[in-house]
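This is my_file_39.tsv (TSV, C-alpha atoms).
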chain	number	residue	atom	x	y	z
A	1	MET	CA	-11.93	17.51	26.97
A	2	GLN	CA	-9.71	20.49	26.09
A	3	VAL	CA	-6.10	20.69	27.18
A	4	ALA	CA	-5.26	24.11	28.65
A	5	THR	CA	-2.93	26.29	26.62
A	6	ALA	CA	0.48	27.26	27.92
A	7	LYS	CA	-0.77	30.83	28.44
A	8	GLN	CA	-3.73	29.61	30.52
A	9	ARG	CA	-1.45	27.42	32.66
A	10	VAL	CA	0.89	30.36	33.33
A	11	LYS	CA	-2.07	32.57	34.27
A	12	SER	CA	-3.32	29.91	36.69
A	13	MET	CA	0.10	29.55	38.27
A	14	LYS	CA	0.25	33.31	38.94
A	15	LYS	CA	-2.88	33.03	41.06
A	16	LEU	CA	-1.11	30.63	43.44
A	17	LYS	CA	0.01	32.13	46.74
A	18	GLN	CA	3.76	32.60	46.94
A	19	PRO	CA	4.21	31.17	50.48
A	20	TRP	CA	2.61	27.90	49.38
A	21	SER	CA	5.00	27.64	46.44
A	22	LEU	CA	7.99	28.16	48.68
A	23	SER	CA	6.89	25.38	50.99
A	24	ILE	CA	7.43	22.64	48.39
A	25	SER	CA	10.39	20.44	49.27
A	26	PRO	CA	13.03	19.70	46.59
A	27	SER	CA	12.04	16.02	46.48
A	28	CYS	CA	8.36	16.86	45.94
A	29	LEU	CA	9.28	19.38	43.27
A	30	PHE	CA	11.39	16.76	41.46
A	31	ILE	CA	8.56	14.22	41.55
A	32	SER	CA	6.07	16.82	40.29
A	33	LEU	CA	8.34	17.76	37.41
A	34	LEU	CA	8.86	14.09	36.58
A	35	VAL	CA	5.10	13.46	36.49
A	36	PHE	CA	4.57	16.57	34.36
A	37	ALA	CA	7.25	15.46	31.90
A	38	SER	CA	5.68	12.00	31.69
A	39	LEU	CA	2.29	13.52	30.93
A	40	LEU	CA	3.78	15.68	28.19
A	41	PHE	CA	5.44	12.61	26.68
A	42	ALA	CA	2.17	10.67	26.79
A	43	PHE	CA	0.31	13.52	25.13
A	44	SER	CA	2.96	13.71	22.42
A	45	LEU	CA	2.47	10.01	21.64
A	46	PHE	CA	-1.29	10.33	21.64
A	47	ASN	CA	-1.20	13.38	19.40
A	48	ASN	CA	1.34	11.99	16.96
A	49	LYS	CA	-1.31	12.30	14.25
A	50	LEU	CA	-0.98	16.10	14.49
A	51	SER	CA	2.40	15.88	12.78
A	52	TYR	CA	0.69	15.05	9.50
A	53	SER	CA	0.09	18.04	7.27
A	54	LYS	CA	-3.48	18.41	6.06
A	55	SER	CA	-2.56	20.60	3.09
A	56	CYS	CA	0.66	18.98	1.85
A	57	ASN	CA	0.84	17.02	-1.39
A	58	TYR	CA	2.86	14.05	-0.16
A	59	THR	CA	3.29	12.58	-3.63
A	60	HIS	CA	5.32	15.45	-5.07
A	61	GLY	CA	8.87	15.50	-3.80
A	62	ARG	CA	12.31	13.97	-4.17
A	63	TRP	CA	14.45	11.24	-2.66
A	64	ILE	CA	17.15	12.43	-0.26
A	65	TYR	CA	20.06	10.27	0.82
A	66	ASP	CA	20.28	10.36	4.60
A	67	PRO	CA	23.44	8.63	5.91
A	68	SER	CA	22.20	9.10	9.50
A	69	ILE	CA	19.55	6.42	8.96
A	70	ASN	CA	21.14	3.38	10.55
A	71	SER	CA	18.15	1.11	10.97
A	72	SER	CA	14.97	0.04	9.18
A	73	PRO	CA	11.44	-0.33	10.64
A	74	TYR	CA	12.13	-4.07	11.09
A	75	ASP	CA	14.88	-6.52	10.28
A	76	ASN	CA	15.18	-9.19	7.63
A	77	ARG	CA	14.34	-11.95	10.14
A	78	CYS	CA	10.61	-11.17	10.01
A	79	LYS	CA	9.22	-14.54	8.92
A	80	GLU	CA	6.49	-13.12	6.66
A	81	ILE	CA	9.09	-11.76	4.23
A	82	TYR	CA	9.05	-13.92	1.12
A	83	LYS	CA	12.60	-15.15	0.56
A	84	GLY	CA	12.79	-13.54	-2.89
A	85	TRP	CA	12.14	-10.12	-1.31
A	86	SER	CA	14.69	-10.41	1.50
A	87	CYS	CA	17.53	-8.63	-0.26
A	88	ILE	CA	19.80	-8.62	2.79
A	89	ARG	CA	19.71	-12.39	3.12
A	90	SER	CA	19.99	-12.77	-0.66
A	91	ASN	CA	23.16	-10.63	-0.70
A	92	LYS	CA	21.88	-7.91	-3.00
A	93	SER	CA	24.69	-5.39	-3.49
A	94	ASN	CA	22.92	-2.33	-1.98
A	95	PRO	CA	20.32	-3.40	0.66
A	96	ILE	CA	21.78	-1.20	3.42
A	97	ASP	CA	22.18	1.91	1.30
A	98	MET	CA	18.76	1.34	-0.23
A	99	VAL	CA	16.90	2.15	3.01
A	100	LYS	CA	18.91	5.33	3.61
A	101	TRP	CA	16.94	7.10	0.89
A	102	ARG	CA	14.10	9.15	2.39
A	103	TRP	CA	11.14	10.59	0.49
A	104	LYS	CA	10.92	14.35	1.07
A	105	PRO	CA	7.72	16.07	-0.16
A	106	TYR	CA	8.41	19.60	-1.39
A	107	GLN	CA	5.95	21.26	1.01
A	108	CYS	CA	6.37	19.24	4.20
A	109	ASP	CA	7.87	16.11	5.75
A	110	LEU	CA	6.46	12.59	5.52
A	111	PRO	CA	6.68	11.11	9.04
A	112	GLN	CA	7.79	7.51	9.41
A	113	LEU	CA	5.07	5.17	10.59
A	114	ASP	CA	5.17	4.90	14.40
A	115	PRO	CA	4.05	1.29	15.04
A	116	LEU	CA	3.08	1.78	18.69
A	117	SER	CA	1.08	4.91	17.95
A	118	PHE	CA	-0.60	3.13	15.01
A	119	LEU	CA	-1.57	0.12	17.12
A	120	ASN	CA	-3.02	2.36	19.82
A	121	ARG	CA	-4.95	4.56	17.45
A	122	PHE	CA	-6.43	1.71	15.42
A	123	ARG	CA	-7.43	-0.64	18.22
A	124	ASN	CA	-10.42	-2.87	17.38
A	125	THR	CA	-9.88	-2.30	13.66
A	126	ASN	CA	-9.74	-4.68	10.69
A	127	ILE	CA	-7.52	-3.69	7.77
A	128	GLY	CA	-7.58	-5.60	4.47
A	129	PHE	CA	-5.19	-5.50	1.53
A	130	VAL	CA	-6.94	-6.78	-1.61
A	131	GLY	CA	-4.96	-7.31	-4.79
A	132	ASP	CA	-1.98	-8.95	-6.44
A	133	SER	CA	1.47	-9.75	-5.02
A	134	LEU	CA	2.43	-6.07	-4.93
A	135	ASN	CA	-0.26	-5.51	-2.33
A	136	ARG	CA	1.16	-8.48	-0.45
A	137	ASN	CA	4.52	-6.66	-0.60
A	138	MET	CA	2.86	-3.72	1.19
A	139	PHE	CA	0.94	-5.95	3.62
A	140	VAL	CA	4.11	-7.76	4.73
A	141	SER	CA	5.87	-4.43	5.28
A	142	LEU	CA	3.09	-3.26	7.60
A	143	PHE	CA	2.94	-6.58	9.46
A	144	CYS	CA	6.69	-6.68	10.09
A	145	THR	CA	6.71	-3.05	11.26
A	146	LEU	CA	3.93	-3.67	13.79
A	147	LYS	CA	5.24	-7.03	14.96
A	148	ARG	CA	8.51	-5.41	15.99
A	149	VAL	CA	6.69	-3.76	18.91
A	150	SER	CA	3.89	-6.26	19.53
A	151	GLY	CA	4.73	-9.95	19.27
A	152	ASP	CA	1.49	-11.45	20.69
A	153	VAL	CA	-0.08	-12.33	17.34
A	154	LYS	CA	-2.75	-14.77	16.19
A	155	LYS	CA	-2.37	-16.10	12.65
A	156	TRP	CA	-5.59	-16.87	10.79
A	157	ARG	CA	-7.47	-16.26	7.51
A	158	PRO	CA	-10.33	-13.82	8.11
A	159	ALA	CA	-13.08	-13.39	5.50
A	160	GLY	CA	-11.45	-15.70	2.96
A	161	ALA	CA	-8.03	-14.03	3.16
A	162	ASP	CA	-4.88	-15.68	1.88
A	163	ARG	CA	-3.23	-14.79	5.19
A	164	GLY	CA	-3.99	-12.62	8.19
A	165	PHE	CA	-2.88	-11.68	11.69
A	166	THR	CA	-4.51	-10.21	14.78
A	167	PHE	CA	-2.39	-8.24	17.25
A	168	LEU	CA	-4.15	-9.56	20.35
A	169	LYS	CA	-3.28	-6.77	22.77
A	170	TYR	CA	-4.90	-4.22	20.46
A	171	ASN	CA	-7.47	-6.39	18.65
A	172	LEU	CA	-6.09	-5.02	15.38
A	173	THR	CA	-6.36	-7.40	12.43
A	174	ILE	CA	-4.55	-7.03	9.11
A	175	SER	CA	-5.04	-9.46	6.24
A	176	TYR	CA	-4.12	-10.01	2.61
A	177	HIS	CA	-6.71	-11.17	0.07
A	178	ARG	CA	-4.99	-12.36	-3.09
A	179	THR	CA	-6.73	-11.55	-6.38
A	180	ASN	CA	-5.10	-10.89	-9.72
A	181	LEU	CA	-7.97	-9.27	-11.65
A	182	LEU	CA	-10.45	-8.52	-8.80
A	183	ALA	CA	-13.02	-10.38	-10.93
A	184	ARG	CA	-13.51	-14.15	-10.98
A	185	TYR	CA	-11.71	-15.84	-13.87
A	186	GLY	CA	-10.72	-19.28	-15.10
A	187	ARG	CA	-9.88	-21.32	-18.18
A	188	TRP	CA	-12.43	-21.38	-21.00
A	189	SER	CA	-12.64	-23.91	-23.84
A	190	ALA	CA	-14.97	-23.97	-26.82
A	191	ASN	CA	-18.15	-26.01	-26.44
A	192	ALA	CA	-18.57	-28.81	-28.96
A	193	ASN	CA	-22.20	-27.71	-29.42
A	194	GLY	CA	-21.08	-24.23	-30.42
A	195	GLY	CA	-21.95	-20.81	-29.07
A	196	VAL	CA	-21.48	-17.09	-29.63
A	197	LEU	CA	-17.73	-17.09	-29.02
A	198	GLU	CA	-17.27	-20.34	-30.91
A	199	SER	CA	-19.00	-18.80	-33.93
A	200	LEU	CA	-16.40	-16.01	-33.83
A	201	GLY	CA	-13.59	-18.54	-34.01
A	202	TYR	CA	-12.53	-18.68	-30.36
A	203	LYS	CA	-11.27	-22.08	-29.22
A	204	GLU	CA	-9.79	-21.35	-25.80
A	205	GLY	CA	-8.90	-18.53	-23.45
A	206	TYR	CA	-9.75	-17.17	-20.01
A	207	ARG	CA	-13.31	-16.40	-18.96
A	208	VAL	CA	-13.48	-13.22	-16.86
A	209	ASP	CA	-16.82	-12.49	-15.17
A	210	VAL	CA	-16.63	-8.72	-14.85
A	211	ASP	CA	-19.53	-8.49	-12.38
A	212	VAL	CA	-18.48	-11.34	-10.07
A	213	PRO	CA	-15.76	-10.71	-7.45
A	214	GLU	CA	-13.14	-13.37	-6.89
A	215	GLY	CA	-14.11	-15.45	-3.85
A	216	THR	CA	-10.91	-14.56	-1.96
A	217	TRP	CA	-12.20	-11.06	-1.26
A	218	ALA	CA	-15.99	-11.25	-1.71
A	219	GLU	CA	-16.56	-11.02	2.08
A	220	ALA	CA	-13.83	-8.45	2.72
A	221	PRO	CA	-15.95	-5.27	2.33
A	222	SER	CA	-18.36	-6.34	5.08
A	223	PHE	CA	-15.56	-7.45	7.42
A	224	HIS	CA	-12.91	-4.73	7.22
A	225	ASP	CA	-12.96	-1.17	8.53
A	226	ILE	CA	-10.17	-0.10	6.17
A	227	LEU	CA	-9.52	-1.54	2.70
A	228	ILE	CA	-6.63	-1.03	0.28
A	229	PHE	CA	-7.26	-2.37	-3.24
A	230	ASN	CA	-4.98	-2.70	-6.24
A	231	THR	CA	-5.04	-4.28	-9.67
A	232	GLY	CA	-3.12	-3.75	-12.89
A	233	HIS	CA	-0.12	-5.99	-13.46
A	234	TRP	CA	-2.05	-8.95	-14.77
A	235	TRP	CA	-4.07	-6.87	-17.21
A	236	TRP	CA	-0.97	-6.16	-19.30
A	237	ALA	CA	0.57	-9.63	-19.07
A	238	PRO	CA	0.79	-11.31	-22.50
A	239	SER	CA	2.69	-14.20	-20.93
A	240	LYS	CA	-0.40	-14.92	-18.79
A	241	PHE	CA	-3.16	-13.89	-21.18
A	242	ASP	CA	-1.82	-14.18	-24.73
A	243	PRO	CA	-4.19	-12.12	-26.92
A	244	VAL	CA	-4.05	-14.84	-29.62
A	245	LYS	CA	-3.47	-18.17	-27.87
A	246	SER	CA	-5.28	-17.53	-24.57
A	247	PRO	CA	-7.19	-14.22	-24.71
A	248	MET	CA	-9.28	-12.72	-21.93
A	249	LEU	CA	-12.95	-13.32	-22.80
A	250	PHE	CA	-15.28	-11.12	-20.80
A	251	PHE	CA	-18.69	-12.19	-19.50
A	252	GLU	CA	-21.39	-10.03	-17.94
A	253	LYS	CA	-24.50	-11.45	-16.27
A	254	GLY	CA	-23.32	-14.88	-17.34
A	255	ASN	CA	-23.18	-14.05	-21.04
A	256	PRO	CA	-20.18	-13.22	-23.23
A	257	VAL	CA	-19.63	-9.56	-23.99
A	258	VAL	CA	-20.19	-9.28	-27.74
A	259	PRO	CA	-18.44	-8.03	-29.69
A	260	PRO	CA	-15.45	-9.09	-27.55
A	261	VAL	CA	-13.56	-6.16	-26.01
A	262	SER	CA	-9.87	-5.54	-25.37
A	263	SER	CA	-8.25	-6.03	-21.96
A	264	ASP	CA	-8.22	-2.30	-21.17
A	265	SER	CA	-11.97	-2.06	-21.83
A	266	GLY	CA	-12.41	-5.19	-19.73
A	267	LEU	CA	-10.55	-3.50	-16.89
A	268	ASP	CA	-12.97	-0.57	-17.06
A	269	LEU	CA	-15.92	-2.97	-16.80
A	270	VAL	CA	-14.41	-4.77	-13.81
A	271	LEU	CA	-13.66	-1.51	-11.99
A	272	LYS	CA	-17.23	-0.26	-12.57
A	273	HIS	CA	-18.76	-3.42	-11.10
A	274	MET	CA	-16.20	-3.63	-8.30
A	275	ILE	CA	-17.01	-0.10	-7.12
A	276	SER	CA	-20.71	-0.92	-7.09
A	277	TYR	CA	-20.14	-4.20	-5.24
A	278	VAL	CA	-17.98	-2.62	-2.53
A	279	ASN	CA	-20.32	0.34	-2.05
A	280	LYS	CA	-23.27	-1.99	-1.41
A	281	ARG	CA	-21.44	-4.16	1.12
A	282	MET	CA	-19.14	-1.93	3.13
A	283	ARG	CA	-20.29	-0.17	6.27
A	284	PRO	CA	-20.89	3.61	6.23
A	285	SER	CA	-17.82	4.14	8.42
A	286	THR	CA	-15.45	2.07	6.24
A	287	THR	CA	-12.48	3.85	4.67
A	288	VAL	CA	-11.51	2.47	1.29
A	289	PHE	CA	-8.46	3.15	-0.90
A	290	MET	CA	-7.44	2.24	-4.41
A	291	ARG	CA	-3.66	2.12	-4.59
A	292	THR	CA	-2.19	3.29	-7.87
A	293	GLN	CA	0.02	1.11	-10.04
A	294	SER	CA	3.46	0.03	-8.85
A	295	PRO	CA	6.08	0.65	-11.57
A	296	ARG	CA	8.40	-1.96	-13.02
A	297	HIS	CA	11.98	-1.04	-13.99
A	298	PHE	CA	13.06	-3.41	-16.74
A	299	GLU	CA	15.82	-2.00	-18.93
A	300	GLY	CA	17.10	-3.62	-22.11
A	301	GLY	CA	13.89	-5.59	-22.66
A	302	ASP	CA	11.02	-7.12	-20.72
A	303	TRP	CA	11.44	-9.84	-18.08
A	304	ASP	CA	11.45	-12.62	-20.70
A	305	GLN	CA	13.70	-10.70	-23.09
A	306	GLY	CA	16.77	-10.34	-20.90
A	307	GLY	CA	15.61	-7.15	-19.19
A	308	SER	CA	17.35	-6.20	-15.94
A	309	CYS	CA	17.38	-3.61	-13.13
A	310	GLN	CA	20.93	-3.18	-11.89
A	311	ARG	CA	20.76	0.43	-10.72
A	312	SER	CA	22.38	1.24	-7.36
A	313	GLN	CA	20.60	4.55	-6.69
A	314	PRO	CA	17.32	6.28	-7.61
A	315	LEU	CA	16.73	7.62	-11.12
A	316	SER	CA	16.89	11.29	-11.99
A	317	PRO	CA	13.66	13.06	-13.10
A	318	GLN	CA	14.88	12.94	-16.71
A	319	GLU	CA	15.55	9.19	-16.49
A	320	VAL	CA	12.09	8.67	-15.01
A	321	GLU	CA	10.46	10.35	-17.99
A	322	GLU	CA	12.57	8.39	-20.46
A	323	LEU	CA	11.52	5.12	-18.83
A	324	PHE	CA	7.82	5.80	-18.19
A	325	SER	CA	6.62	8.42	-20.68
A	326	LEU	CA	3.50	7.39	-22.58
A	327	LYS	CA	5.01	9.00	-25.69
A	328	ASN	CA	7.99	6.64	-25.58
A	329	ASN	CA	5.69	3.61	-25.17
A	330	GLY	CA	8.50	1.65	-23.55
A	331	THR	CA	8.62	-1.64	-21.66
A	332	ASN	CA	7.39	-0.14	-18.38
A	333	VAL	CA	4.64	2.09	-19.73
A	334	GLU	CA	1.91	0.02	-18.03
A	335	VAL	CA	2.17	2.04	-14.80
A	336	ARG	CA	0.81	5.21	-16.40
A	337	LEU	CA	-1.61	3.35	-18.68
A	338	VAL	CA	-3.22	1.58	-15.73
A	339	ASN	CA	-3.37	4.79	-13.70
A	340	GLN	CA	-5.35	6.52	-16.45
A	341	HIS	CA	-8.05	3.87	-16.02
A	342	LEU	CA	-7.92	4.05	-12.22
A	343	TYR	CA	-8.26	7.82	-11.96
A	344	ARG	CA	-11.12	7.85	-14.46
A	345	ALA	CA	-13.00	5.01	-12.74
A	346	PHE	CA	-12.70	6.29	-9.15
A	347	GLU	CA	-13.36	9.98	-9.72
A	348	GLY	CA	-16.34	11.07	-7.62
A	349	THR	CA	-16.56	7.79	-5.68
A	350	ARG	CA	-16.04	7.02	-1.98
A	351	PHE	CA	-12.63	5.56	-2.80
A	352	HIS	CA	-9.53	7.54	-1.87
A	353	ILE	CA	-6.62	7.30	-4.32
A	354	LEU	CA	-3.40	6.21	-2.63
A	355	ASP	CA	-0.85	7.50	-5.13
A	356	ILE	CA	2.42	5.63	-4.74
A	357	SER	CA	3.37	5.64	-8.44
A	358	HIS	CA	5.37	8.84	-8.86
A	359	LEU	CA	7.65	8.40	-5.86
A	360	SER	CA	8.16	4.74	-6.81
A	361	GLU	CA	9.13	5.51	-10.42
A	362	PHE	CA	12.45	6.87	-9.16
A	363	ARG	CA	13.39	3.68	-7.26
A	364	ALA	CA	14.94	1.48	-9.94
A	365	ASP	CA	17.48	0.50	-7.28
A	366	ALA	CA	14.95	-1.00	-4.86
A	367	HIS	CA	13.93	-4.24	-6.65
A	368	PRO	CA	15.37	-7.67	-5.79
A	369	ALA	CA	16.82	-7.95	-9.33
A	370	THR	CA	19.12	-11.01	-9.51
A	371	ALA	CA	18.75	-11.54	-5.74
A	372	GLY	CA	15.09	-12.48	-6.24
A	373	GLY	CA	15.92	-16.13	-6.82
A	374	LYS	CA	14.29	-16.31	-10.24
A	375	LYS	CA	15.72	-17.23	-13.64
A	376	HIS	CA	15.33	-13.58	-14.60
A	377	ASP	CA	15.75	-10.26	-12.79
A	378	ASP	CA	12.79	-9.41	-10.54
A	379	CYS	CA	12.24	-5.78	-11.45
A	380	MET	CA	8.60	-5.74	-10.36
A	381	HIS	CA	8.50	-6.61	-6.64
A	382	TRP	CA	10.37	-4.66	-3.97
A	383	CYS	CA	13.02	-5.56	-1.41
A	384	LEU	CA	11.95	-5.74	2.23
A	385	PRO	CA	12.84	-3.69	4.17
A	386	GLY	CA	12.52	-1.18	1.36
A	387	LEU	CA	10.24	1.00	-0.70
A	388	THR	CA	6.90	-0.41	0.47
A	389	ASP	CA	7.76	0.86	3.95
A	390	THR	CA	7.42	4.35	2.45
A	391	TRP	CA	4.11	3.29	0.88
A	392	ASN	CA	2.87	2.53	4.38
A	393	ASP	CA	4.19	5.87	5.67
A	394	LEU	CA	2.12	7.48	2.92
A	395	PHE	CA	-0.91	5.28	3.68
A	396	VAL	CA	-0.86	6.30	7.35
A	397	ALA	CA	-0.49	9.97	6.42
A	398	TYR	CA	-3.55	9.78	4.13
A	399	LEU	CA	-5.49	7.71	6.68
A	400	SER	CA	-4.68	10.06	9.56
A	401	ASN	CA	-5.88	13.10	7.62
A	402	ILE	CA	-9.09	11.30	6.62
A	403	LYS	CA	-9.81	10.23	10.20
A	404	ASP	CA	-9.03	13.71	11.52
A	405	ARG	CA	-11.73	15.16	9.22
A	406	THR	CA	-14.41	12.72	10.37

Would you write out, as structure tokens, the structure that this file holds?
Amino acid sequence: MQVATAKQRVKSMKKLKQPWSLSISPSCLFISLLVFASLLFAFSLFNNKLSYSKSCNYTHGRWIYDPSINSSPYDNRCKEIYKGWSCIRSNKSNPIDMVKWRWKPYQCDLPQLDPLSFLNRFRNTNIGFVGDSLNRNMFVSLFCTLKRVSGDVKKWRPAGADRGFTFLKYNLTISYHRTNLLARYGRWSANANGGVLESLGYKEGYRVDVDVPEGTWAEAPSFHDILIFNTGHWWWAPSKFDPVKSPMLFFEKGNPVVPPVSSDSGLDLVLKHMISYVNKRMRPSTTVFMRTQSPRHFEGGDWDQGGSCQRSQPLSPQEVEELFSLKNNGTNVEVRLVNQHLYRAFEGTRFHILDISHLSEFRADAHPATAGGKKHDDCMHWCLPGLTDTWNDLFVAYLSNIKDRT
């Protein structure tokens, strides 16, 4: 159904007989105007998606401090917020100022997620976040934003999820499927009877089956209508997978990959098989994203070397390059290293790249830091409310443009 243009409405009004127009009583005229205004308001809510630019590059822009922002999409009382991420309750020094920074793309504006409009548009939809704790960070942000306007929620674990919720009035389900490497992995120890890896001198490590998805998300592609994947942090984690004491040992079709490959080559193998697995199991109408790597902001050393993140405002472009440049090969270089693998793996596939890396590299001020409740500064996760709210703004902008094209 097409809505008449303003010009067509004016033309139609001119055809009305003047005596009839004059016969309308003031009370009837007021009611008519009130109804008309209500209809315009309803149309504006329904067509909120039209405010998203189809040609704008949302990832290129700058952070602008906006003192007029006096509230966040939700408050710190949302129960899904992990206590280490609730920077207001943990008395971080800048939690109020932190949410006053707004991402401004150079070519357009990035609208803030409208929870009511989102719930209405994505009725009868299942949305799954699949990945490590940074994807949980994003999942919790979306849940808290939606729950602020719709409190009738069922908590459950759909399709093997770690946690999930259905907004009953809208039949909209969002869930988080925890997986560190996407692939199934577990401890490996040398067999007393020997074997290929044993003959190469390996005694223990972690077995990673590159072609077998972790069970937490194996059913997700056939259940969800929209999927957001991530992986990366655990692939460059010597404290988890020490290359000497507990290396990652990759298996394919049940057999060890020989000669053994490095973790970055293992990541490529996992991504290749993951893409194939998802493509075979998701429905034709499913929309699937790979979110790019979330940056860390350790300065003065890594997390176990006394590194910290005590900034009170975003970095300058020069500071961003100093901290993340591949040439400098610094503590936080993993974000751009991982992204090289992601862009190469997903080029030409059905996956859409959700690029949150560049805008996040500026936000050294938005981590829990000492307020995270750990023995060291948490310069990896993000405060809530905080930066991942902008990730969801970006996600909805990408999603709206994709849906508008289909």

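Between A:Leu354 and the residues A:Ile228, A:Ser316, A:Lys403, A:His341, the shortest atom-to-atom distance, using all atoms listed in the file, involves A:Ile228.
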
Students should find that atom CA of A:Thr216 and atom CA of A:Asp264 are spaced 22.9 Å

In terms of all atoms listed in the file, the residue from A:Tyr343, A:Phe143, A:Tyr106, A:Tyr170 at minimal distance from A:Asn120 is A:Tyr170

Separating atom CA of A:Tyr206 from atom CA of A:Asn329, to the nearest tenth of an Å, is a gap of 26.4 Å

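Minimum distance to A:Gly151 across A:Arg184, A:His224, A:Lys169, A:Arg136 (counting all atoms listed in the file) occurs at A:Lys169.
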
Point out the residue among A:Val208, A:Ala345, A:Val99, A:Cys78 with the least atom-to-atom distance to A:Ile64, counting all atoms listed in the file.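 Among A:Val208, A:Ala345, A:Val99, A:Cys78, it is A:Val99 that comes nearest to A:Ile64.
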
task: Find, counting all atoms listed in the file, the residue in A:Gly301, A:His233, A:Pro256, A:Leu227 that gets nearest to A:Glu198.
output: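 Ranked by minimum distance to A:Glu198, first place goes to A:Pro256.
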
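Shortest atom-to-atom contact with A:Tyr58 among A:Thr179, A:Ser276, A:Asn401, A:Gln313: A:Asn401, counting only C-alpha atoms.
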
List as a list in words the protein and nucleic acid residues near stretch 383-394 of chain A, meaning an atom at most 8 Å away when only C-alpha atoms are counted, but skip any in the same chain fewer than 6 places from it.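 What passes the distance filter is Tyr58, Ser72, Pro73, Tyr74, Asp75, Asn76, Ile81, Trp85, Ser86, Cys87, Pro95, Met98, Val99, Trp103, Leu110, Pro111, Gln112, Leu113, Asn137, Met138, Ser141, Leu142, Leu354, Ile356, Ser360, Arg363, Ala366, His367 and Pro368 of chain A.
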
Pairwise distance for atom CA of A:Val320 and atom CA of A:Ser357, rounded to one decimal in Å: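 About the pair atom CA of A:Val320 and atom CA of A:Ser357: they are 11.3 Å apart.
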
Quick one: contact table of stretch 220-264 of chain A to stretch 284-296 of chain A, 7 Å max, nearest atom pair and distance in Å to one decimal per residue, counting all atoms listed in the file, chain and number order, as a Markdown table?
| residue | atom | partner | partner_atom | distance |
| --- | --- | --- | --- | --- |
| A:Asp225 | CA | A:Thr286 | CA | 4.7 |
| A:Ile226 | CA | A:Thr287 | CA | 4.8 |
| A:Leu227 | CA | A:Val288 | CA | 4.7 |
| A:Ile228 | CA | A:Phe289 | CA | 4.7 |
| A:Phe229 | CA | A:Met290 | CA | 4.8 |
| A:Asn230 | CA | A:Arg291 | CA | 5.3 |
| A:Gly232 | CA | A:Gln293 | CA | 6.4 |

Saved selection, atoms kept: C-alpha atoms, as a PDB file, in the frame of the given file:
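Everything below was put into part32.pdb:
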ATOM      1  CA  ASP A 225     -12.960  -1.170   8.530  1.00  0.00           C
ATOM      2  CA  ILE A 226     -10.170  -0.100   6.170  1.00  0.00           C
ATOM      3  CA  LEU A 227      -9.520  -1.540   2.700  1.00  0.00           C
ATOM      4  CA  ILE A 228      -6.630  -1.030   0.280  1.00  0.00           C
ATOM      5  CA  PHE A 229      -7.260  -2.370  -3.240  1.00  0.00           C
ATOM      6  CA  ASN A 230      -4.980  -2.700  -6.240  1.00  0.00           C
ATOM      7  CA  GLY A 232      -3.120  -3.750 -12.890  1.00  0.00           C
TER       8      GLY A 232
END

- Query: If we count all atoms listed in the file, what is near A:Gln310 at a cut-off of 10 Å, once residues fewer than 2 positions away on the same chain are taken out, given as a PyMOL selection string?
  - Reply: chain A and resi 93+297-299+307-308+312-313+364-370+377+379

For this session: Show which residues sit within 12 Å of A:Ser239, as a list of chain:residue names. Count all atoms listed in the file, and ignore same-chain residues fewer than 4 positions away.
Result: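 In the requested format, the answer is A:His233, A:Trp234, A:Trp235, A:Pro243, A:Val244, A:Lys245, A:Ser246, A:Pro247, A:Asp302, A:Trp303, A:Asp304, A:Gln305.
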
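Near A:Pro105, within a cut-off of 9 Å and counting only C-alpha atoms, sit the residues Cys56, Asn57, Tyr58, Thr59, His60, Gly61, Arg62, Trp63, Asp109 and Leu110 of chain A, with same-chain residues fewer than 4 positions away left out.
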
Would you write out those residues with C-alpha atoms, as a compact mmCIF listing (two decimals), keeping the file's coordinate frame?
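Below you can see out05.txt, which holds the result:
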# COMPACT_ATOMS: atom_id res chain seq x y z
CA CYS A 56 0.66 18.98 1.85
CA ASN A 57 0.84 17.02 -1.39
CA TYR A 58 2.86 14.05 -0.16
CA THR A 59 3.29 12.58 -3.63
CA HIS A 60 5.32 15.45 -5.07
CA GLY A 61 8.87 15.50 -3.80
CA ARG A 62 12.31 13.97 -4.17
CA TRP A 63 14.45 11.24 -2.66
CA ASP A 109 7.87 16.11 5.75
CA LEU A 110 6.46 12.59 5.52
